[in-house]
$ cat entry-v5.cif   # mmCIF, C-alpha atoms
data_run
loop_
_atom_site.group_PDB
_atom_site.id
_atom_site.type_symbol
_atom_site.label_atom_id
_atom_site.label_comp_id
_atom_site.auth_asym_id
_atom_site.auth_seq_id
_atom_site.Cartn_x
_atom_site.Cartn_y
_atom_site.Cartn_z
ATOM 1 C CA MET A 289 -31.401 3.820 -219.868
ATOM 2 C CA ARG A 290 -29.821 0.449 -219.132
ATOM 3 C CA THR A 291 -28.498 -1.440 -222.115
ATOM 4 C CA PRO A 292 -29.777 -5.013 -222.559
ATOM 5 C CA VAL A 293 -26.341 -6.418 -221.722
ATOM 6 C CA LEU A 294 -26.053 -4.291 -218.581
ATOM 7 C CA ALA A 295 -29.515 -5.397 -217.534
ATOM 8 C CA LEU A 296 -28.474 -9.029 -217.831
ATOM 9 C CA LEU A 297 -25.279 -8.381 -215.891
ATOM 10 C CA LEU A 298 -27.339 -6.865 -213.094
ATOM 11 C CA ALA A 299 -29.685 -9.839 -213.326
ATOM 12 C CA ALA A 300 -26.724 -12.146 -212.854
ATOM 13 C CA ALA A 301 -26.003 -10.599 -209.504
ATOM 14 C CA LEU A 302 -29.579 -11.292 -208.416
ATOM 15 C CA LEU A 303 -29.864 -14.707 -210.009
ATOM 16 C CA PRO A 304 -29.449 -16.791 -206.843
ATOM 17 C CA LEU A 305 -32.638 -15.150 -205.601
ATOM 18 C CA ALA A 306 -34.484 -15.747 -208.856
ATOM 19 C CA ALA A 307 -33.599 -19.212 -210.112
ATOM 20 C CA PRO A 308 -32.540 -22.564 -208.665
ATOM 21 C CA PRO A 309 -28.792 -23.342 -208.645
ATOM 22 C CA GLU A 310 -28.923 -25.757 -211.565
ATOM 23 C CA ALA A 311 -30.425 -23.002 -213.767
ATOM 24 C CA GLN A 312 -27.930 -20.317 -212.847
ATOM 25 C CA ALA A 313 -24.479 -20.096 -214.369
ATOM 26 C CA GLY A 314 -24.773 -21.925 -217.667
ATOM 27 C CA PRO A 315 -27.920 -20.449 -219.245
ATOM 28 C CA LEU A 316 -27.301 -16.887 -218.085
ATOM 29 C CA ARG A 317 -23.614 -16.893 -219.018
ATOM 30 C CA GLU A 318 -24.522 -18.149 -222.469
ATOM 31 C CA ARG A 319 -27.288 -15.586 -222.876
ATOM 32 C CA LEU A 320 -24.805 -12.843 -221.957
ATOM 33 C CA ARG A 321 -22.504 -14.020 -224.739
ATOM 34 C CA GLU A 322 -25.414 -14.211 -227.162
ATOM 35 C CA MET A 323 -26.690 -10.767 -226.247
ATOM 36 C CA ARG A 324 -23.249 -9.231 -226.758
ATOM 37 C CA ALA A 325 -22.964 -10.826 -230.194
ATOM 38 C CA GLU A 326 -26.469 -9.777 -231.179
ATOM 39 C CA ARG A 327 -25.914 -6.247 -229.894
ATOM 40 C CA GLN A 328 -22.841 -5.937 -232.123
ATOM 41 C CA GLY A 329 -25.031 -6.657 -235.132
ATOM 42 C CA GLY A 330 -23.357 -9.927 -236.004
ATOM 43 C CA ARG A 331 -21.724 -8.717 -239.218
ATOM 44 C CA GLU A 332 -19.079 -6.168 -240.110
ATOM 45 C CA GLN A 333 -18.554 -6.762 -243.827
ATOM 46 C CA GLY A 334 -21.940 -6.300 -245.431
ATOM 47 C CA PRO A 335 -24.544 -8.822 -246.586
ATOM 48 C CA ALA A 336 -23.967 -12.549 -246.770
ATOM 49 C CA ALA A 337 -22.111 -14.010 -249.728
ATOM 50 C CA LEU A 338 -24.659 -15.481 -252.114
ATOM 51 C CA PRO A 339 -24.610 -18.772 -254.009
ATOM 52 C CA ALA A 340 -23.878 -18.488 -257.714
ATOM 53 C CA GLY A 341 -26.737 -16.803 -259.566
ATOM 54 C CA ALA A 342 -28.635 -15.905 -256.384
ATOM 55 C CA ARG A 343 -29.731 -12.401 -255.500
ATOM 56 C CA ARG A 344 -31.005 -10.509 -252.474
ATOM 57 C CA LEU A 345 -34.026 -8.240 -252.242
ATOM 58 C CA ALA A 346 -33.346 -6.041 -249.219
ATOM 59 C CA ASP A 347 -35.671 -4.280 -246.791
ATOM 60 C CA ILE A 348 -39.063 -5.162 -248.218
ATOM 61 C CA ALA A 349 -41.652 -3.326 -246.129
ATOM 62 C CA TYR A 350 -44.629 -5.062 -244.548
ATOM 63 C CA GLY A 351 -45.602 -2.078 -242.362
ATOM 64 C CA SER A 352 -44.817 1.589 -241.813
ATOM 65 C CA ASP A 353 -42.311 1.165 -238.969
ATOM 66 C CA PRO A 354 -38.607 0.976 -240.019
ATOM 67 C CA ALA A 355 -38.336 -2.334 -238.131
ATOM 68 C CA GLN A 356 -41.090 -3.889 -240.266
ATOM 69 C CA ARG A 357 -38.797 -5.083 -243.041
ATOM 70 C CA PHE A 358 -37.573 -8.404 -244.412
ATOM 71 C CA ASP A 359 -34.881 -9.559 -246.824
ATOM 72 C CA VAL A 360 -35.430 -12.159 -249.539
ATOM 73 C CA TYR A 361 -32.678 -14.416 -250.885
ATOM 74 C CA LEU A 362 -33.616 -15.796 -254.291
ATOM 75 C CA PRO A 363 -32.082 -18.719 -256.185
ATOM 76 C CA ALA A 364 -31.370 -18.373 -259.867
ATOM 77 C CA ASP A 365 -34.448 -19.025 -262.032
ATOM 78 C CA ALA A 366 -36.782 -19.772 -259.105
ATOM 79 C CA GLN A 367 -39.961 -21.573 -260.132
ATOM 80 C CA ASP A 368 -42.576 -22.662 -257.582
ATOM 81 C CA ALA A 369 -39.786 -22.613 -255.013
ATOM 82 C CA PRO A 370 -40.475 -23.553 -251.379
ATOM 83 C CA VAL A 371 -39.772 -20.767 -248.897
ATOM 84 C CA ILE A 372 -38.015 -20.872 -245.527
ATOM 85 C CA PHE A 373 -39.185 -17.933 -243.421
ATOM 86 C CA MET A 374 -36.655 -17.111 -240.679
ATOM 87 C CA VAL A 375 -37.194 -15.081 -237.474
ATOM 88 C CA HIS A 376 -34.107 -13.986 -235.511
ATOM 89 C CA GLY A 377 -33.735 -14.137 -231.736
ATOM 90 C CA GLY A 378 -32.393 -11.757 -229.102
ATOM 91 C CA ALA A 379 -34.490 -12.051 -225.915
ATOM 92 C CA TRP A 380 -37.379 -10.213 -227.622
ATOM 93 C CA LYS A 381 -35.367 -6.983 -227.452
ATOM 94 C CA ILE A 382 -32.363 -7.038 -229.810
ATOM 95 C CA GLY A 383 -31.078 -8.821 -232.929
ATOM 96 C CA ASP A 384 -31.307 -8.300 -236.668
ATOM 97 C CA LYS A 385 -32.334 -10.098 -239.854
ATOM 98 C CA GLU A 386 -28.855 -9.706 -241.385
ATOM 99 C CA MET A 387 -26.868 -11.322 -238.576
ATOM 100 C CA SER A 388 -24.383 -13.815 -239.954
ATOM 101 C CA ARG A 389 -25.510 -16.623 -237.637
ATOM 102 C CA VAL A 390 -29.094 -16.085 -238.777
ATOM 103 C CA VAL A 391 -28.407 -16.022 -242.511
ATOM 104 C CA ASP A 392 -25.053 -17.223 -243.850
ATOM 105 C CA ALA A 393 -25.022 -21.018 -243.577
ATOM 106 C CA LYS A 394 -28.756 -21.316 -244.217
ATOM 107 C CA VAL A 395 -28.639 -19.249 -247.397
ATOM 108 C CA ALA A 396 -25.559 -21.095 -248.625
ATOM 109 C CA ARG A 397 -27.216 -24.467 -248.045
ATOM 110 C CA TRP A 398 -30.801 -23.960 -249.100
ATOM 111 C CA VAL A 399 -30.807 -21.163 -251.667
ATOM 112 C CA SER A 400 -28.247 -23.187 -253.622
ATOM 113 C CA ARG A 401 -30.796 -26.035 -253.570
ATOM 114 C CA GLY A 402 -33.591 -23.938 -255.032
ATOM 115 C CA PHE A 403 -35.252 -22.622 -251.848
ATOM 116 C CA ILE A 404 -36.184 -19.004 -251.274
ATOM 117 C CA PHE A 405 -34.980 -17.781 -247.887
ATOM 118 C CA VAL A 406 -36.688 -14.870 -246.114
ATOM 119 C CA SER A 407 -35.206 -13.263 -242.993
ATOM 120 C CA THR A 408 -37.416 -10.792 -241.158
ATOM 121 C CA ASN A 409 -37.088 -8.050 -238.578
ATOM 122 C CA TYR A 410 -39.893 -7.059 -236.239
ATOM 123 C CA ARG A 411 -40.522 -4.431 -233.580
ATOM 124 C CA MET A 412 -39.046 -5.325 -230.194
ATOM 125 C CA LEU A 413 -39.027 -4.438 -226.524
ATOM 126 C CA PRO A 414 -39.421 -2.031 -224.866
ATOM 127 C CA GLY A 415 -41.625 -0.419 -227.509
ATOM 128 C CA ALA A 416 -43.393 -3.565 -228.726
ATOM 129 C CA PRO A 417 -44.604 -6.260 -226.291
ATOM 130 C CA VAL A 418 -44.463 -9.901 -227.289
ATOM 131 C CA ASP A 419 -48.033 -10.014 -228.602
ATOM 132 C CA VAL A 420 -47.209 -7.110 -230.940
ATOM 133 C CA GLN A 421 -44.073 -8.943 -232.063
ATOM 134 C CA LEU A 422 -46.224 -11.967 -232.865
ATOM 135 C CA GLN A 423 -48.533 -9.769 -234.939
ATOM 136 C CA ASP A 424 -45.520 -8.355 -236.796
ATOM 137 C CA VAL A 425 -44.217 -11.833 -237.632
ATOM 138 C CA ALA A 426 -47.666 -12.895 -238.821
ATOM 139 C CA ARG A 427 -47.981 -9.794 -240.994
ATOM 140 C CA ALA A 428 -44.489 -10.290 -242.420
ATOM 141 C CA LEU A 429 -45.329 -13.908 -243.224
ATOM 142 C CA ALA A 430 -48.630 -12.968 -244.881
ATOM 143 C CA THR A 431 -46.871 -10.284 -246.943
ATOM 144 C CA ALA A 432 -44.196 -12.746 -248.036
ATOM 145 C CA GLN A 433 -46.843 -15.287 -249.014
ATOM 146 C CA GLN A 434 -48.671 -12.686 -251.093
ATOM 147 C CA GLN A 435 -45.481 -11.602 -252.872
ATOM 148 C CA ALA A 436 -43.960 -15.076 -253.296
ATOM 149 C CA PRO A 437 -45.371 -15.756 -256.797
ATOM 150 C CA GLY A 438 -43.577 -12.637 -258.044
ATOM 151 C CA TRP A 439 -40.278 -14.088 -256.792
ATOM 152 C CA GLY A 440 -40.901 -17.513 -258.307
ATOM 153 C CA GLY A 441 -42.011 -18.894 -254.945
ATOM 154 C CA ASP A 442 -44.955 -21.060 -253.953
ATOM 155 C CA PRO A 443 -47.133 -19.460 -251.233
ATOM 156 C CA ARG A 444 -48.421 -22.918 -250.293
ATOM 157 C CA ARG A 445 -44.921 -24.167 -249.446
ATOM 158 C CA PHE A 446 -43.704 -22.006 -246.582
ATOM 159 C CA VAL A 447 -41.778 -23.375 -243.598
ATOM 160 C CA LEU A 448 -41.459 -21.287 -240.439
ATOM 161 C CA MET A 449 -38.063 -21.194 -238.713
ATOM 162 C CA GLY A 450 -36.838 -19.147 -235.758
ATOM 163 C CA HIS A 451 -34.103 -19.080 -233.142
ATOM 164 C CA SER A 452 -34.419 -18.357 -229.403
ATOM 165 C CA ALA A 453 -37.048 -15.600 -229.004
ATOM 166 C CA GLY A 454 -37.750 -16.050 -232.710
ATOM 167 C CA ALA A 455 -38.295 -19.756 -232.078
ATOM 168 C CA HIS A 456 -40.858 -18.869 -229.432
ATOM 169 C CA LEU A 457 -42.655 -16.573 -231.882
ATOM 170 C CA VAL A 458 -42.774 -19.083 -234.749
ATOM 171 C CA ALA A 459 -43.846 -21.865 -232.392
ATOM 172 C CA LEU A 460 -46.639 -19.633 -231.109
ATOM 173 C CA LEU A 461 -47.688 -18.744 -234.657
ATOM 174 C CA GLY A 462 -47.418 -22.294 -235.977
ATOM 175 C CA ALA A 463 -49.147 -24.010 -233.054
ATOM 176 C CA ALA A 464 -52.648 -23.588 -234.491
ATOM 177 C CA PRO A 465 -53.978 -24.147 -238.015
ATOM 178 C CA ARG A 466 -55.046 -20.503 -238.267
ATOM 179 C CA TYR A 467 -53.877 -17.282 -236.639
ATOM 180 C CA PRO A 468 -56.949 -15.033 -236.280
ATOM 181 C CA GLY A 469 -54.930 -11.812 -236.002
ATOM 182 C CA GLU A 470 -53.907 -11.899 -239.693
ATOM 183 C CA PRO A 471 -56.786 -12.913 -241.979
ATOM 184 C CA LEU A 472 -54.649 -13.097 -245.161
ATOM 185 C CA LEU A 473 -52.239 -15.602 -243.622
ATOM 186 C CA GLN A 474 -52.094 -18.983 -245.345
ATOM 187 C CA PRO A 475 -51.225 -22.254 -243.556
ATOM 188 C CA VAL A 476 -47.575 -23.268 -243.448
ATOM 189 C CA LEU A 477 -46.136 -26.715 -244.118
ATOM 190 C CA GLY A 478 -44.260 -26.910 -240.819
ATOM 191 C CA THR A 479 -42.339 -25.111 -238.097
ATOM 192 C CA VAL A 480 -38.719 -25.487 -237.009
ATOM 193 C CA ALA A 481 -38.001 -23.962 -233.575
ATOM 194 C CA LEU A 482 -34.289 -23.545 -232.840
ATOM 195 C CA ASP A 483 -33.674 -23.779 -229.092
ATOM 196 C CA SER A 484 -36.571 -21.983 -227.462
ATOM 197 C CA ALA A 485 -36.920 -22.478 -223.724
ATOM 198 C CA ALA A 486 -40.278 -20.665 -223.682
ATOM 199 C CA MET A 487 -42.801 -23.174 -224.976
ATOM 200 C CA ASP A 488 -44.728 -23.035 -221.692
ATOM 201 C CA VAL A 489 -44.463 -19.468 -220.429
ATOM 202 C CA SER A 490 -46.900 -20.100 -217.585
ATOM 203 C CA ALA A 491 -44.679 -22.858 -216.181
ATOM 204 C CA ILE A 492 -41.631 -20.575 -216.359
ATOM 205 C CA MET A 493 -43.217 -17.544 -214.774
ATOM 206 C CA SER A 494 -45.084 -19.365 -212.004
ATOM 207 C CA GLN A 495 -41.831 -20.534 -210.415
ATOM 208 C CA ARG A 496 -38.351 -19.148 -209.830
ATOM 209 C CA HIS A 497 -36.931 -18.200 -213.208
ATOM 210 C CA LEU A 498 -34.252 -16.278 -215.057
ATOM 211 C CA PRO A 499 -34.888 -12.520 -214.823
ATOM 212 C CA LEU A 500 -34.604 -12.127 -218.594
ATOM 213 C CA TYR A 501 -38.217 -13.395 -218.854
ATOM 214 C CA ASP A 502 -39.680 -10.672 -216.632
ATOM 215 C CA GLN A 503 -39.792 -7.820 -219.129
ATOM 216 C CA PRO A 504 -41.243 -9.844 -222.019
ATOM 217 C CA PHE A 505 -43.943 -11.606 -220.014
ATOM 218 C CA GLY A 506 -44.707 -9.406 -216.997
ATOM 219 C CA THR A 507 -46.881 -10.503 -214.088
ATOM 220 C CA ASP A 508 -50.287 -11.323 -215.587
ATOM 221 C CA PRO A 509 -51.025 -15.083 -215.673
ATOM 222 C CA ALA A 510 -53.545 -14.546 -218.485
ATOM 223 C CA TYR A 511 -50.776 -13.029 -220.627
ATOM 224 C CA TRP A 512 -48.474 -15.925 -219.790
ATOM 225 C CA ARG A 513 -51.109 -18.362 -221.064
ATOM 226 C CA ALA A 514 -51.778 -16.307 -224.195
ATOM 227 C CA MET A 515 -48.059 -16.177 -225.022
ATOM 228 C CA SER A 516 -47.445 -19.898 -224.406
ATOM 229 C CA PRO A 517 -47.071 -21.999 -227.565
ATOM 230 C CA ILE A 518 -48.173 -25.065 -225.586
ATOM 231 C CA ASN A 519 -51.526 -23.397 -224.901
ATOM 232 C CA ALA A 520 -51.921 -22.308 -228.527
ATOM 233 C CA LEU A 521 -51.639 -25.870 -229.842
ATOM 234 C CA ALA A 522 -54.765 -26.961 -231.677
ATOM 235 C CA THR A 523 -55.731 -29.969 -233.755
ATOM 236 C CA GLY A 524 -54.785 -29.475 -237.390
ATOM 237 C CA ALA A 525 -51.551 -27.585 -236.779
ATOM 238 C CA ALA A 526 -48.696 -28.292 -239.166
ATOM 239 C CA PRO A 527 -45.824 -30.564 -238.039
ATOM 240 C CA LEU A 528 -43.369 -29.120 -235.530
ATOM 241 C CA LEU A 529 -39.663 -29.747 -234.964
ATOM 242 C CA SER A 530 -38.127 -28.450 -231.736
ATOM 243 C CA ILE A 531 -34.338 -28.437 -231.677
ATOM 244 C CA CYS A 532 -32.853 -28.090 -228.219
ATOM 245 C CA SER A 533 -29.378 -27.766 -226.779
ATOM 246 C CA SER A 534 -28.602 -30.769 -224.578
ATOM 247 C CA ARG A 535 -26.388 -28.364 -222.609
ATOM 248 C CA ARG A 536 -29.514 -26.481 -221.446
ATOM 249 C CA ASP A 537 -31.915 -28.532 -219.337
ATOM 250 C CA ASP A 538 -34.630 -25.896 -219.573
ATOM 251 C CA SER A 539 -34.711 -25.925 -223.378
ATOM 252 C CA CYS A 540 -35.037 -29.696 -223.801
ATOM 253 C CA ARG A 541 -37.501 -29.996 -220.931
ATOM 254 C CA GLN A 542 -39.749 -27.377 -222.547
ATOM 255 C CA ALA A 543 -39.359 -28.987 -225.992
ATOM 256 C CA ASP A 544 -40.359 -32.383 -224.612
ATOM 257 C CA GLY A 545 -43.438 -30.987 -222.903
ATOM 258 C CA PHE A 546 -44.497 -29.130 -226.020
ATOM 259 C CA ALA A 547 -44.061 -32.216 -228.217
ATOM 260 C CA ALA A 548 -45.970 -34.417 -225.769
ATOM 261 C CA ARG A 549 -48.926 -32.033 -225.766
ATOM 262 C CA ALA A 550 -48.856 -31.840 -229.577
ATOM 263 C CA ARG A 551 -48.977 -35.602 -229.876
ATOM 264 C CA GLN A 552 -52.019 -35.695 -227.617
ATOM 265 C CA LEU A 553 -53.723 -33.561 -230.276
ATOM 266 C CA ASP A 554 -52.493 -35.813 -233.127
ATOM 267 C CA ILE A 555 -50.044 -33.162 -234.309
ATOM 268 C CA ARG A 556 -46.769 -34.494 -235.609
ATOM 269 C CA ALA A 557 -44.052 -33.198 -233.293
ATOM 270 C CA GLU A 558 -40.390 -34.113 -232.976
ATOM 271 C CA VAL A 559 -37.569 -33.116 -230.642
ATOM 272 C CA LEU A 560 -33.984 -33.049 -231.893
ATOM 273 C CA ARG A 561 -31.335 -32.831 -229.182
ATOM 274 C CA GLN A 562 -27.950 -31.401 -230.142
ATOM 275 C CA ASP A 563 -24.724 -31.159 -228.147
ATOM 276 C CA LEU A 564 -24.281 -27.551 -229.258
ATOM 277 C CA SER A 565 -24.527 -24.219 -227.489
ATOM 278 C CA HIS A 566 -27.561 -21.989 -227.866
ATOM 279 C CA GLY A 567 -25.760 -19.886 -230.463
ATOM 280 C CA GLU A 568 -24.240 -22.824 -232.307
ATOM 281 C CA ILE A 569 -27.684 -24.330 -232.888
ATOM 282 C CA ASN A 570 -28.449 -21.252 -234.968
ATOM 283 C CA ALA A 571 -25.066 -20.608 -236.588
ATOM 284 C CA GLN A 572 -24.301 -24.216 -237.564
ATOM 285 C CA LEU A 573 -27.646 -25.041 -239.146
ATOM 286 C CA GLY A 574 -26.934 -25.268 -242.846
ATOM 287 C CA GLN A 575 -23.339 -26.355 -242.424
ATOM 288 C CA PRO A 576 -22.590 -29.853 -243.776
ATOM 289 C CA GLY A 577 -23.053 -32.609 -241.207
ATOM 290 C CA GLY A 578 -25.487 -34.715 -239.258
ATOM 291 C CA TYR A 579 -27.301 -31.813 -237.606
ATOM 292 C CA THR A 580 -28.308 -30.168 -240.881
ATOM 293 C CA GLU A 581 -29.136 -33.553 -242.402
ATOM 294 C CA ALA A 582 -31.478 -34.357 -239.489
ATOM 295 C CA VAL A 583 -33.345 -31.085 -240.003
ATOM 296 C CA GLU A 584 -33.547 -31.773 -243.719
ATOM 297 C CA ARG A 585 -35.117 -35.173 -243.051
ATOM 298 C CA PHE A 586 -37.891 -33.375 -241.204
ATOM 299 C CA LEU A 587 -38.255 -30.865 -244.050
ATOM 300 C CA ALA A 588 -38.302 -33.602 -246.690
ATOM 301 C CA ASN A 589 -41.179 -35.345 -244.937
ATOM 302 C CA LEU A 590 -43.296 -32.201 -245.129
ATOM 303 C CA ASP A 591 -43.711 -32.129 -248.901
ATOM 304 C CA ALA A 592 -42.622 -34.004 -252.027
ATOM 305 C CA ALA A 593 -41.422 -30.818 -253.759
ATOM 306 C CA ILE A 594 -39.191 -30.004 -250.796
ATOM 307 C CA ALA A 595 -37.877 -33.565 -250.692
ATOM 308 C CA SER A 596 -36.923 -33.408 -254.374
ATOM 309 C CA ARG A 597 -34.775 -30.317 -253.780
ATOM 310 C CA LEU A 598 -32.968 -31.909 -250.852
ATOM 311 C CA ARG A 599 -31.920 -35.104 -252.666
#
$ encode --input "entry-v5.cif" --output "structure tokens"
Amino acid sequence: MRTPVLALLLAAALLPLAAPPEAQAGPLRERLREMRAERQGGREQGPAALPAGARRLADIAYGSDPAQRFDVYLPADAQDAPVIFMVHGGAWKIGDKEMSRVVDAKVARWVSRGFIFVSTNYRMLPGAPVDVQLQDVARALATAQQQAPGWGGDPRRFVLMGHSAGAHLVALLGAAPRYPGEPLLQPVLGTVALDSAAMDVSAIMSQRHLPLYDQPFGTDPAYWRAMSPINALATGAAPLLSICSSRRDDSCRQADGFAARARQLDIRAEVLRQDLSHGEINAQLGQPGGYTEAVERFLANLDAAIASRLR
């Protein structure tokens, strides 16, 4: 069986036939680097260092499959704490909830400020198609909401966050006020999508595109529409922040289109451009600086309790 990295290397050789020149070297080269890092697991020295007094609840099950697990990072003496619910990326086929770029800076920043941080795994390709992954994320979120009071968390104050493929999944889940596939799911306060270039899957797949999208989305236009966050948008959805790398034209173009459609439906939607690589947008969120502060301004505007913890 081909490894994901080998598959992308083979795709690189075919890329001139699959994508226009301006989409070739940069995005694919960066995805190769990301895939290698994600394949290595992202961490060699155990779980992330925790802020003083914090603790980690590892591998909480939300289903019977070994991949259906999440970790919870709890601040000391949590009471009615808001919750950031994080979904890792990896081209819908690799990645892990414990990767340092997924967890470390975010836990250090927000758990120390009284947030609960949840990082989830989910089943992936080839065994689980994207719609199954979406169902897993929804079930994980519903489970976390149900258990939050026992951690000192507030189930009414959840914020979705995801990177890359995870950003696509949280955008898809957060695009409508209700997700019918998980009846116990409660509404979230907002969604933060970290550098997804797949807000409009139909637009990607109906023209020349990077081969990495072929396995997740296949050849059925109806599936493309169903898996497109832009098509899932519905009046009443919670506010959305799309962060895009200004080094990737496809990411910002998709973010702009998604935000424009949201605004047509009177959904608050913002786009935050960053001169960072695809991986840096994930790894550097939570580190001190203007990028993290811009995301926190969005978070603070979602809810007074969140704003008070970010002052």
$ residues_around --input "entry-v5.cif" --residues "A:Leu598" --least-positions-apart "6" --cutoff "10 Å" --atoms "all atoms listed in the file" --output "PyMOL selection string"
chain A and resi 397-398+401-403+581+584-585+587-588+592
$ atom_distance --input "entry-v5.cif" --atom1 "atom CA of A:Arg427" --atom2 "atom CA of A:Ser452"
19.8 Å
$ closest_residue --input "entry-v5.cif" --among "A:Gly567, A:Pro475, A:Pro370, A:Gly341" --to "A:Pro527" --atoms "all atoms listed in the file"
A:Pro475
$ atom_distance --input "entry-v5.cif" --atom1 "atom CA of A:Val406" --atom2 "atom CA of A:Ile569"
18.6 Å
$ closest_residue --input "entry-v5.cif" --among "A:Val390, A:Ala463, A:Ala593, A:Ala455" --to "A:Gly574" --atoms "all atoms listed in the file"
A:Val390
$ closest_atom_pairs --input "entry-v5.cif" --of "stretch 377-426 of chain A" --to "stretch 492-503 of chain A" --cutoff "9 Å" --atoms "only C-alpha atoms" --output "Markdown table"
| residue | atom | partner | partner_atom | distance |
| --- | --- | --- | --- | --- |
| A:Ala379 | CA | A:Leu500 | CA | 7.3 |
| A:Leu413 | CA | A:Gln503 | CA | 8.2 |
| A:Pro414 | CA | A:Gln503 | CA | 8.2 |
| A:Pro417 | CA | A:Gln503 | CA | 8.8 |
$ closest_residue --input "entry-v5.cif" --among "A:Ala453, A:Ala526, A:Ala514, A:Ala430" --to "A:Ala486" --atoms "only C-alpha atoms"
A:Ala453
$ resolve_selection --input "entry-v5.cif" --expression "the PyMOL selection byres ((chain A and resi 348-352) around 12)" --output "PDB file with C-alpha atoms, keeping the file's coordinate frame"
ATOM      1  CA  ARG A 344     -31.005 -10.509-252.474  1.00  0.00           C
ATOM      2  CA  LEU A 345     -34.026  -8.240-252.242  1.00  0.00           C
ATOM      3  CA  ALA A 346     -33.346  -6.041-249.219  1.00  0.00           C
ATOM      4  CA  ASP A 347     -35.671  -4.280-246.791  1.00  0.00           C
ATOM      5  CA  ASP A 353     -42.311   1.165-238.969  1.00  0.00           C
ATOM      6  CA  PRO A 354     -38.607   0.976-240.019  1.00  0.00           C
ATOM      7  CA  ALA A 355     -38.336  -2.334-238.131  1.00  0.00           C
ATOM      8  CA  GLN A 356     -41.090  -3.889-240.266  1.00  0.00           C
ATOM      9  CA  ARG A 357     -38.797  -5.083-243.041  1.00  0.00           C
ATOM     10  CA  PHE A 358     -37.573  -8.404-244.412  1.00  0.00           C
ATOM     11  CA  ASP A 359     -34.881  -9.559-246.824  1.00  0.00           C
ATOM     12  CA  VAL A 360     -35.430 -12.159-249.539  1.00  0.00           C
ATOM     13  CA  TYR A 361     -32.678 -14.416-250.885  1.00  0.00           C
ATOM     14  CA  LYS A 385     -32.334 -10.098-239.854  1.00  0.00           C
ATOM     15  CA  VAL A 406     -36.688 -14.870-246.114  1.00  0.00           C
ATOM     16  CA  SER A 407     -35.206 -13.263-242.993  1.00  0.00           C
ATOM     17  CA  THR A 408     -37.416 -10.792-241.158  1.00  0.00           C
ATOM     18  CA  ASN A 409     -37.088  -8.050-238.578  1.00  0.00           C
ATOM     19  CA  TYR A 410     -39.893  -7.059-236.239  1.00  0.00           C
ATOM     20  CA  ARG A 411     -40.522  -4.431-233.580  1.00  0.00           C
ATOM     21  CA  GLN A 423     -48.533  -9.769-234.939  1.00  0.00           C
ATOM     22  CA  ASP A 424     -45.520  -8.355-236.796  1.00  0.00           C
ATOM     23  CA  VAL A 425     -44.217 -11.833-237.632  1.00  0.00           C
ATOM     24  CA  ALA A 426     -47.666 -12.895-238.821  1.00  0.00           C
ATOM     25  CA  ARG A 427     -47.981  -9.794-240.994  1.00  0.00           C
ATOM     26  CA  ALA A 428     -44.489 -10.290-242.420  1.00  0.00           C
ATOM     27  CA  LEU A 429     -45.329 -13.908-243.224  1.00  0.00           C
ATOM     28  CA  ALA A 430     -48.630 -12.968-244.881  1.00  0.00           C
ATOM     29  CA  THR A 431     -46.871 -10.284-246.943  1.00  0.00           C
ATOM     30  CA  ALA A 432     -44.196 -12.746-248.036  1.00  0.00           C
ATOM     31  CA  GLN A 433     -46.843 -15.287-249.014  1.00  0.00           C
ATOM     32  CA  GLN A 434     -48.671 -12.686-251.093  1.00  0.00           C
ATOM     33  CA  GLN A 435     -45.481 -11.602-252.872  1.00  0.00           C
TER      34      GLN A 435
END
$ atom_distance --input "entry-v5.cif" --atom1 "atom CA of A:Asp554" --atom2 "atom CA of A:Asp368"
29.5 Å
$ closest_residue --input "entry-v5.cif" --among "A:Asp483, A:Glu386, A:Asp442, A:Asp537" --to "A:Ala459" --atoms "only C-alpha atoms"
A:Asp483
$ decode --input "entry-v5.cif" --residues "stretch 515-523 of chain A" --atoms "N, CA and C atoms" --output "PDB file, in the first residue's frame"
ATOM      1  N   MET A 515     -20.357  18.090   0.934  1.00  0.00           N
ATOM      2  CA  MET A 515     -19.155  18.275   1.751  1.00  0.00           C
ATOM      3  C   MET A 515     -18.575  19.681   1.638  1.00  0.00           C
ATOM      4  N   SER A 516     -19.323  20.612   1.069  1.00  0.00           N
ATOM      5  CA  SER A 516     -18.867  21.994   0.924  1.00  0.00           C
ATOM      6  C   SER A 516     -19.419  22.860   2.040  1.00  0.00           C
ATOM      7  N   PRO A 517     -18.573  23.412   2.905  1.00  0.00           N
ATOM      8  CA  PRO A 517     -19.089  24.321   3.934  1.00  0.00           C
ATOM      9  C   PRO A 517     -19.907  25.475   3.365  1.00  0.00           C
ATOM     10  N   ILE A 518     -19.543  25.977   2.188  1.00  0.00           N
ATOM     11  CA  ILE A 518     -20.267  27.110   1.618  1.00  0.00           C
ATOM     12  C   ILE A 518     -21.710  26.741   1.299  1.00  0.00           C
ATOM     13  N   ASN A 519     -21.964  25.486   0.975  1.00  0.00           N
ATOM     14  CA  ASN A 519     -23.322  25.033   0.699  1.00  0.00           C
ATOM     15  C   ASN A 519     -24.096  24.736   1.980  1.00  0.00           C
ATOM     16  N   ALA A 520     -23.365  24.446   3.059  1.00  0.00           N
ATOM     17  CA  ALA A 520     -24.024  24.141   4.333  1.00  0.00           C
ATOM     18  C   ALA A 520     -24.465  25.396   5.078  1.00  0.00           C
ATOM     19  N   LEU A 521     -23.940  26.551   4.691  1.00  0.00           N
ATOM     20  CA  LEU A 521     -24.273  27.789   5.394  1.00  0.00           C
ATOM     21  C   LEU A 521     -25.784  28.017   5.436  1.00  0.00           C
ATOM     22  N   ALA A 522     -26.265  28.377   6.624  1.00  0.00           N
ATOM     23  CA  ALA A 522     -27.690  28.635   6.786  1.00  0.00           C
ATOM     24  C   ALA A 522     -27.877  29.748   7.811  1.00  0.00           C
ATOM     25  N   THR A 523     -28.900  30.536   7.599  1.00  0.00           N
ATOM     26  CA  THR A 523     -29.204  31.642   8.509  1.00  0.00           C
ATOM     27  C   THR A 523     -29.287  31.144   9.948  1.00  0.00           C
TER      28      THR A 523
END
